[in-house]
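Q: I have a structure I would like to understand better, so I am pasting it below and will then ask my questions one at a time.
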Protein chains: 2
Amino acid sequence: MKLTMRLGVRSYDIIVKRGVLKRVGQLINLNRRVLVVSDAGVPKKYIKTVLAQCGQGVPVVLPQGEGSKSLEHFGEVLGVMLEHGFTRGDAVLALGGGVVGDLAGFAAASYMRGVSFINCPTTTLSQIDSSIGGKTAVNLNGTKNIIGAFYQPALVAADPDTLKTLPERHFVNGLAEAVKAGIIADEQLFELFETEDVHEKIEEILYRSLVMKKNVVEQDEREIGMRAVLNFGHTLGHAIESANHLGDLYHGECVALGMLPMIEQPSLRRRTRAVYKKLGLPSRIRYDGDAICEFIRHDKKLTADGTIRIVRAPRLGEARLDQITMQQLRAIVREGVQ
Amino acid sequence: MKLTMRLGVRSYDIIVKRGVLKRVGQLINLNRRVLVVSDAGVPKKYIKTVLAQCGQGVPVVLPQGEGSKSLEHFGEVLGVMLEHGFTRGDAVLALGGGVVGDLAGFAAASYMRGVSFINCPTTTLSQIDSSIGGKTAVNLNGTKNIIGAFYQPALVAADPDTLKTLPERHFVNGLAEAVKAGIIADEQLFELFETEDVHEKIEEILYRSLVMKKNVVEQDEREIGMRAVLNFGHTLGHAIESANHLGDLYHGECVALGMLPMIEQPSLRRRTRAVYKKLGLPSRIRYDGDAICEFIRHDKKLTADGTIRIVRAPRLGEARLDQITMQQLRAIVREGVQ
């Protein structure tokens with residue numbers, strides 16, 4: 001299936017189709033220099049499949065993990081492009097998860113002030129969420145996504161077949177963003193999680209999640225206003241992720257945990273926990289509420305007047321932006337873990 | 001005087017006025033965190049003048065010279081912003097020449113995917129040219145401006161009084177861009193260089209140059225088409241700059257030299273040389289044409305099909321884009337130095 005992100009001159013197609021990885025070259029010109037960025041976790045056969053379609057493909061394989069989203073790797077990637085004589089007409093193709101897409105996207109945005117960016121997400125999380133919307137970034141000094149650009153891809157080609165090689169926990173991790181889409185905007189999507197098998201229904205899950213995100217991004221490309229609803233669960237989720245020194249929780253798992261206190265109806269919170277249990281997402285965590293709130297204070301959502309903007313779900317299918325004090329946040333965080 | 005760059009939601013004012021540095025805070029909100037980026041060559045009194053107007057001013061003084069336009073300094077500047085808790089509502093203010101503006105602008109573009117950028121250029125070159133138009137950049141592995149963003153400032157405030165403290169050679173160096181503006185688009189501006197004293201007429205020179213650039217940028221913000229005419233003299237000029245291992249030529253001087261072979265009429269070339277002599281810009285240089293052409297081959301203007309786009313002036317006040325082969329370029333470069 002095909003969706004079109006309508007952003008004027010920056011519009012692009014999102015293709016979600018089994019086997020599309022073998023046909024990317026039919027959808028966009030790969031007969032040029034193409035930097036194919038992946039990481040050590042991406043099966044080599046996918047890289048070969050893509051390179052075979054490129055005129056002059058240049059593979060770059062990053063180490064796996066969040067550590068690759070650094071200015072150092074950013075510089076290395078750009079150095080490879082420079083070394084191979086990339087020009088403005090050439091392209092960067094991301095083949096992997098969110099880390100690969102974020103770094104490669106920022107490199108594409110910055111090389112010669114912008115070359116064509118093609119995103120081929122291969123994980124549930126990136127197919128559902130991070131591959132569309134144009135947010136690219138690297139981390140700095142332990143702060144996630146603090147450096148980056150809004151830069152829209154020229155094409156997103158998501159092949160659900162690549163999800164088959166993901167370990168189950170990785171597969172489920174990405175579904176947290178789809179559960180989010182259900183809670184804040186799509187009742188039927190949420191109910192699908194309650195009643196259906198997610199492996200069987202993965203294409204519908206991808207589709208419905210992407211439609212929700214597309215609608216929001218089209219209305220607010222640069223997150224000046226209502227795009228912030230997409231941060232539902234993320235403000236707290238990022239803090240849980242930052243506080244999680246053991247690193248034993250995945251990004252989507254932290255977002256899943258971060259959503260719970262932001263759900264206002266106890267009944268919806270119960271239903272959400274039940275979905276998490278069914279999927280294999282964590283539904284409870286012990287944390288130090290004050291420490292978590294300190295992490296949030298340092299997070300980018302804290303505004304100049306010392307208040308913080310959070311997103312809450314008053315009921316299924318709805319989201320609301322609230323501007324609250326740190327005291328109010330502490331109360332919510334405490335109550336939410338009950 | 002005030003000009004408005006009209007770029008839709010990215011529109012901004014350009015103020016050129018003696019003493020404006022003392023009143024920047026009246027033109028834009030400085031009552032927030034403001035990173036004031038300058039370099040060791042900027043008189044301290046200017047930095048104090050600006051900091052006195054900031055709610056929470058954070059000064060950063062870079063080493064002087066092109067070496068500061070590196071990814072390392074980019075990371076350092078962003079690290080300072082992070083350390084001081086800059087949020088999306090805060091700002092970066094560049095106070096200095098082109099190097100400062102390019103680096104600070106890219107930092108403003110990238111921090112949290114974009115914070116407000118205020119440019120207070122203090123050199124002839126930056127007041128005439130680099131402060132407007134939204135090109136920001138750093139260098140990588142010896143290649144100039146290879147990493148960057150198109151990112152428009154929120155305000156440009158140019159104080160011609162700051163030019164009084166510039167050494168004469170620095171002052172003249174920047175005028176090369178104004179001579180360029182005259183050659184490609186403004187006959188009267190060119191004639192002003194032939195007949196008037198540039199120190200006396202500096203405000204008119206700034207104004208006419210900025211009007212020319214503004215008109216071009218408004219029509220082609222991201223250099224997809226005719227904005228390329230602004231590169232008149234730059235393709236060859238950059239190569240001369242790169243080949244100039246002694247580093248004894250300034251950027252504007254290289255651009256001045258780079259323009260000569262691109263002027264088609266011998267009579268106009270003679271007039272231009274006479275202007276250079278009057279101003280104190282170099283009007284002749286010995287170089288190895290083949291080596292220069294090799295530098296250009298590695299420059300960003302080389303397209304995928306191996307040809308290069310150059311800008312030529314068929315007669316005074318006109319510019320033309322030409323797509324030529326490297327052989328043709330060699331002939332032009334050879335002929336031009338006669």
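A note on labels: chains of the structure tokens are A, B, ... as shown, every chain counts residues from 1, and ligands are counted from 1 in their shown order.
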Find the residues of chain B in contact range of chain A, meaning any atom within 6 Å when counting only C-alpha atoms, and list them as a PyMOL selection string.
A: chain B and resi 110-113+146-149
Q: With only C-alpha atoms as the counted atoms, please give the residues lying no more than 9 Å from Asp186 in chain A, apart from itself and same-chain residues fewer than 2 positions off, as a PDB file with N, CA and C atoms, in the first residue's frame.
A:
ATOM      1  N   ALA A 181      -0.533   5.226  19.017  1.00  0.00           N
ATOM      2  CA  ALA A 181      -1.405   5.755  17.958  1.00  0.00           C
ATOM      3  C   ALA A 181      -2.855   5.409  18.251  1.00  0.00           C
ATOM      4  N   GLY A 182      -3.079   4.172  18.722  1.00  0.00           N
ATOM      5  CA  GLY A 182      -4.430   3.756  19.069  1.00  0.00           C
ATOM      6  C   GLY A 182      -5.015   4.572  20.201  1.00  0.00           C
ATOM      7  N   ILE A 183      -4.239   4.720  21.268  1.00  0.00           N
ATOM      8  CA  ILE A 183      -4.750   5.433  22.454  1.00  0.00           C
ATOM      9  C   ILE A 183      -5.108   6.877  22.127  1.00  0.00           C
ATOM     10  N   ILE A 184      -4.224   7.575  21.406  1.00  0.00           N
ATOM     11  CA  ILE A 184      -4.464   9.019  21.227  1.00  0.00           C
ATOM     12  C   ILE A 184      -5.335   9.351  20.019  1.00  0.00           C
ATOM     13  N   GLN A 188     -10.176   1.910  16.975  1.00  0.00           N
ATOM     14  CA  GLN A 188     -10.206   0.584  16.333  1.00  0.00           C
ATOM     15  C   GLN A 188      -8.836  -0.091  16.347  1.00  0.00           C
ATOM     16  N   LEU A 189      -7.778   0.737  16.171  1.00  0.00           N
ATOM     17  CA  LEU A 189      -6.422   0.202  16.227  1.00  0.00           C
ATOM     18  C   LEU A 189      -6.146  -0.355  17.623  1.00  0.00           C
ATOM     19  N   PHE A 190      -6.580   0.385  18.643  1.00  0.00           N
ATOM     20  CA  PHE A 190      -6.366  -0.083  20.013  1.00  0.00           C
ATOM     21  C   PHE A 190      -7.095  -1.409  20.243  1.00  0.00           C
ATOM     22  N   GLU A 191      -8.325  -1.474  19.763  1.00  0.00           N
ATOM     23  CA  GLU A 191      -9.116  -2.687  19.970  1.00  0.00           C
ATOM     24  C   GLU A 191      -8.539  -3.886  19.216  1.00  0.00           C
ATOM     25  N   ARG A 208      -2.417   1.701   9.829  1.00  0.00           N
ATOM     26  CA  ARG A 208      -3.215   2.610  10.668  1.00  0.00           C
ATOM     27  C   ARG A 208      -2.316   3.560  11.454  1.00  0.00           C
ATOM     28  N   SER A 209      -1.171   3.054  11.920  1.00  0.00           N
ATOM     29  CA  SER A 209      -0.249   3.904  12.685  1.00  0.00           C
ATOM     30  C   SER A 209       0.317   5.005  11.792  1.00  0.00           C
ATOM     31  N   MET A 212      -2.203   7.778  11.038  1.00  0.00           N
ATOM     32  CA  MET A 212      -2.335   8.704  12.164  1.00  0.00           C
ATOM     33  C   MET A 212      -1.171   9.687  12.162  1.00  0.00           C
ATOM     34  N   LEU A 316     -10.140   7.034  25.387  1.00  0.00           N
ATOM     35  CA  LEU A 316      -9.595   6.316  24.233  1.00  0.00           C
ATOM     36  C   LEU A 316      -9.830   7.104  22.942  1.00  0.00           C
ATOM     37  N   GLY A 317      -8.738   7.305  22.191  1.00  0.00           N
ATOM     38  CA  GLY A 317      -8.834   7.999  20.909  1.00  0.00           C
ATOM     39  C   GLY A 317      -8.660   9.498  20.988  1.00  0.00           C
ATOM     40  N   GLU A 318      -8.307  10.004  22.178  1.00  0.00           N
ATOM     41  CA  GLU A 318      -8.157  11.457  22.335  1.00  0.00           C
ATOM     42  C   GLU A 318      -6.870  11.823  23.058  1.00  0.00           C
TER      43      GLU A 318
END
Q: For CA of Val37 in chain A and CA of Val100 in chain A, quote the distance in Å rounded to one decimal.
A: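 According to the coordinates, CA of Val37 in chain A and CA of Val100 in chain A are separated by 6.7 Å.
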Q: Could you list, as a list in words, every residue within 12 Å of Arg169 in chain A, counting only C-alpha atoms and ignoring same-chain residues fewer than 5 positions away?
A: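 That gives Thr123, Thr124, Leu125, Leu163, Lys164, Gly174, Leu175, Ala176, Asp248, Leu249, Tyr250, His251, Gly252, Glu253, Leu279, Gly280, Leu281 and Pro282 of chain A.
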Q: Would you mind telling me which residue in B:Glu335, B:Glu66, B:Asp305, B:Asp129 lies nearest to Lys180 in chain B when using only C-alpha atoms?
A: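 Nearest candidate to Lys180 in chain B out of B:Glu335, B:Glu66, B:Asp305, B:Asp129: B:Asp129.
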Q: If we count only C-alpha atoms, what is near range 260-266 of chain B at a cut-off of 6 Å, once residues fewer than 4 positions away on the same chain are taken out, given as a short mmCIF file (atom, residue, chain, number, x, y, z; two decimals) with all heavy atoms, in the first residue's frame?
A:
data_model
loop_
_atom_site.label_atom_id
_atom_site.label_comp_id
_atom_site.auth_asym_id
_atom_site.auth_seq_id
_atom_site.Cartn_x
_atom_site.Cartn_y
_atom_site.Cartn_z
N ARG B 312 29.04 33.31 -15.89
CA ARG B 312 29.84 34.30 -16.61
C ARG B 312 29.07 35.60 -16.76
O ARG B 312 27.84 35.62 -16.76
CB ARG B 312 30.24 33.74 -17.98
CG ARG B 312 31.43 32.80 -17.84
CD ARG B 312 32.09 32.49 -19.15
NE ARG B 312 31.36 31.41 -19.82
CZ ARG B 312 31.84 30.77 -20.89
NH1 ARG B 312 33.01 31.11 -21.41
NH2 ARG B 312 31.15 29.81 -21.45
N ALA B 313 29.83 36.68 -16.89
CA ALA B 313 29.22 38.00 -17.10
C ALA B 313 29.43 38.38 -18.56
O ALA B 313 30.55 38.70 -18.96
CB ALA B 313 29.86 39.03 -16.19
N PRO B 314 28.38 38.34 -19.40
CA PRO B 314 28.54 38.70 -20.80
C PRO B 314 28.81 40.20 -20.96
O PRO B 314 29.56 40.59 -21.85
CB PRO B 314 27.22 38.30 -21.44
CG PRO B 314 26.24 38.12 -20.33
CD PRO B 314 27.03 37.84 -19.09
N VAL B 333 40.08 29.38 -17.96
CA VAL B 333 41.00 29.72 -16.88
C VAL B 333 42.33 30.21 -17.47
O VAL B 333 42.90 31.19 -17.00
CB VAL B 333 41.22 28.49 -15.96
CG1 VAL B 333 42.41 28.70 -15.04
CG2 VAL B 333 39.95 28.23 -15.15
N GLY B 336 41.78 33.63 -19.24
CA GLY B 336 41.42 34.70 -18.30
C GLY B 336 42.59 35.34 -17.60
O GLY B 336 42.49 36.48 -17.15
#
